[in-house]
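Novice: Here you go, one structure.
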Amino acid sequence: QLQLVESGGGLVQPGGSLGLSCVASGFTLDYYMIGWFRQAPGKEREGVSCISRSGGITNYVDAVKGRFTISRDNAKNTVYLRLNSLKPEDTAVYYCAAVAGYSWSYCALATENAYDYWGQGTQVTVSS
């Protein structure tokens with residue numbers, strides 16, 4: 001059974017940091033481009049970042065550039081999202097998603113419809 005499981009969310013003060021993980025099971029992660037998405041209360045889900053199968057190509061939405069870092073360890077079947085300098089507007093449920101069929105060194109922020117597999121999400125709350 002193909003599954004993605006996120007972890008690492010929590011409550012953090014503004015300016016703080018969190019490290020999210022997304023572990024894949026039931027499939028080999030290096031066949032998949034990975035995206036991180038988030039959904040805040042009352043808002044649509046938005047793409048935050050993506051990473052190529054190789055890990056060498058990454059992209060970020062403007063709102064998180066310079067603060068978030070995506071990475072992956074294919075040997076561990078895991079993708080990470082490091083969240084630094086967090087702001088209250090970063091509060092959301094964060095999801096990882098996977099899609100096959102892209103080249104080894106390709107990544108582009110795409111709509112959620114482009115992705116085949118999703119995790120259950122992990123809550124990130126930024127508040128003092």
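Each chain in the structure tokens gets a letter, A, B, ..., in the order shown, and its residues are numbered from 1; ligands are numbered from 1 in order too.
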Determine, counting only C-alpha atoms, which protein, DNA and RNA residues have an atom within 8 Å of an atom of Met33 in chain A; residues of the same chain fewer than 4 positions away are not included. Present the result as a PyMOL selection string.
Specialist: chain A and resi 50-53+98-100+102+106-107
Novice: Tell me, which residues of range 6-120 of chain A carry DSSP strand (DSSP E), written as a PyMOL selection string?
Specialist: chain A and resi 6-7+10-12+18-25+32-39+46-51+58-60+68-73+78-83+92-100+117-118
Novice: Which residues are near range 4-9 of chain A? Cut-off 6 Å, only C-alpha atoms, ignore same chain within fewer than 4 positions. Put them as a list of chain:residue names.
Specialist: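 Selected residues are A:Gly19, A:Leu20, A:Ser21, A:Cys22, A:Val23, A:Ala24, A:Gly119, A:Gly121, A:Thr122, A:Gln123, A:Val124.
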Novice: Got time to write the residues from that selection, C-alpha atoms, as an mmCIF file, in the first residue's frame?
Specialist:
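So result_6.cif came out as:
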data_model
loop_
_atom_site.group_PDB
_atom_site.id
_atom_site.type_symbol
_atom_site.label_atom_id
_atom_site.label_comp_id
_atom_site.auth_asym_id
_atom_site.auth_seq_id
_atom_site.Cartn_x
_atom_site.Cartn_y
_atom_site.Cartn_z
ATOM 1 C CA GLY A 19 11.401 20.519 10.829
ATOM 2 C CA LEU A 20 8.791 18.504 8.955
ATOM 3 C CA SER A 21 9.362 15.005 7.615
ATOM 4 C CA CYS A 22 7.500 12.992 5.023
ATOM 5 C CA VAL A 23 8.185 9.263 4.997
ATOM 6 C CA ALA A 24 7.083 7.101 2.090
ATOM 7 C CA GLY A 119 -0.163 12.340 3.237
ATOM 8 C CA GLY A 121 -1.055 16.378 6.944
ATOM 9 C CA THR A 122 0.644 17.817 10.005
ATOM 10 C CA GLN A 123 -0.511 20.958 11.807
ATOM 11 C CA VAL A 124 1.835 23.921 12.128
#
Novice: Could you pull out all residues of chain A with a DSSP call of helix (DSSP H, G or I) and give them as JSON, numbers by chain?
Specialist: {"A": [29, 30, 31, 62, 63, 64, 74, 75, 76, 88, 89, 90, 112, 113, 114]}
Novice: Could you take the residues named above and write them with C-alpha atoms, as a short mmCIF file (atom, residue, chain, number, x, y, z; two decimals), in the first residue's frame?
Specialist:
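See part05.cif below for the written result:
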data_model
loop_
_atom_site.label_atom_id
_atom_site.label_comp_id
_atom_site.auth_asym_id
_atom_site.auth_seq_id
_atom_site.Cartn_x
_atom_site.Cartn_y
_atom_site.Cartn_z
CA LEU A 29 10.51 7.53 -3.39
CA ASP A 30 13.21 8.33 -5.93
CA TYR A 31 10.76 7.68 -8.76
CA ASP A 62 7.57 33.62 -2.96
CA ALA A 63 6.06 33.80 0.53
CA VAL A 64 8.54 31.26 1.92
CA ASN A 74 16.09 8.81 -1.18
CA ALA A 75 17.95 6.11 0.71
CA LYS A 76 15.67 6.78 3.68
CA PRO A 88 1.68 33.65 12.09
CA GLU A 89 0.60 33.53 8.44
CA ASP A 90 2.49 30.25 8.07
CA GLU A 112 -2.51 19.86 -6.31
CA ASN A 113 -4.26 18.10 -9.19
CA ALA A 114 -0.86 17.17 -10.61
#
Novice: Measure the distance from CA of Leu109 in chain A to CA of Arg82 in chain A in Å and round it to one decimal.
Specialist: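 Those two atoms sit 17.4 Å apart.
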Novice: Do a neighbour search on Gly35 in chain A at 6 Å with only C-alpha atoms, toss out local chain neighbours closer than 5 positions, and write the hits as a ChimeraX atom specification.
Specialist: /A:49-50,96-97
Novice: Between CA of Tyr117 in chain A and CA of Ser85 in chain A, what distance in Å does the model show, to one decimal?
Specialist: 28.9 Å
Novice: Using only C-alpha atoms, which of A:Ser17, A:Gln1, A:Ser105, A:Thr125 sits nearest Thr58 in chain A?
Specialist: A:Ser105
Novice: A:Leu2, A:Ile34, A:Ala92, A:Leu11: which is nearest Trp104 in chain A, counting only C-alpha atoms?
Specialist: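 The answer is A:Ile34, which sits nearest to Trp104 in chain A.
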Novice: Between CA of Val12 in chain A and CA of Lys87 in chain A, what is the distance in Å, rounded to a tenth?
Specialist: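 Interatomic distance here is 9.4 Å.
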Novice: List the neighbours of Val48 in chain A out to 10 Å using only C-alpha atoms; skip same-chain residues closer than 6 positions along the sequence, and give me the result as number ranges by chain.
Specialist: A: 35-39, 59-65, 68, 70, 81, 94-96, 109-110
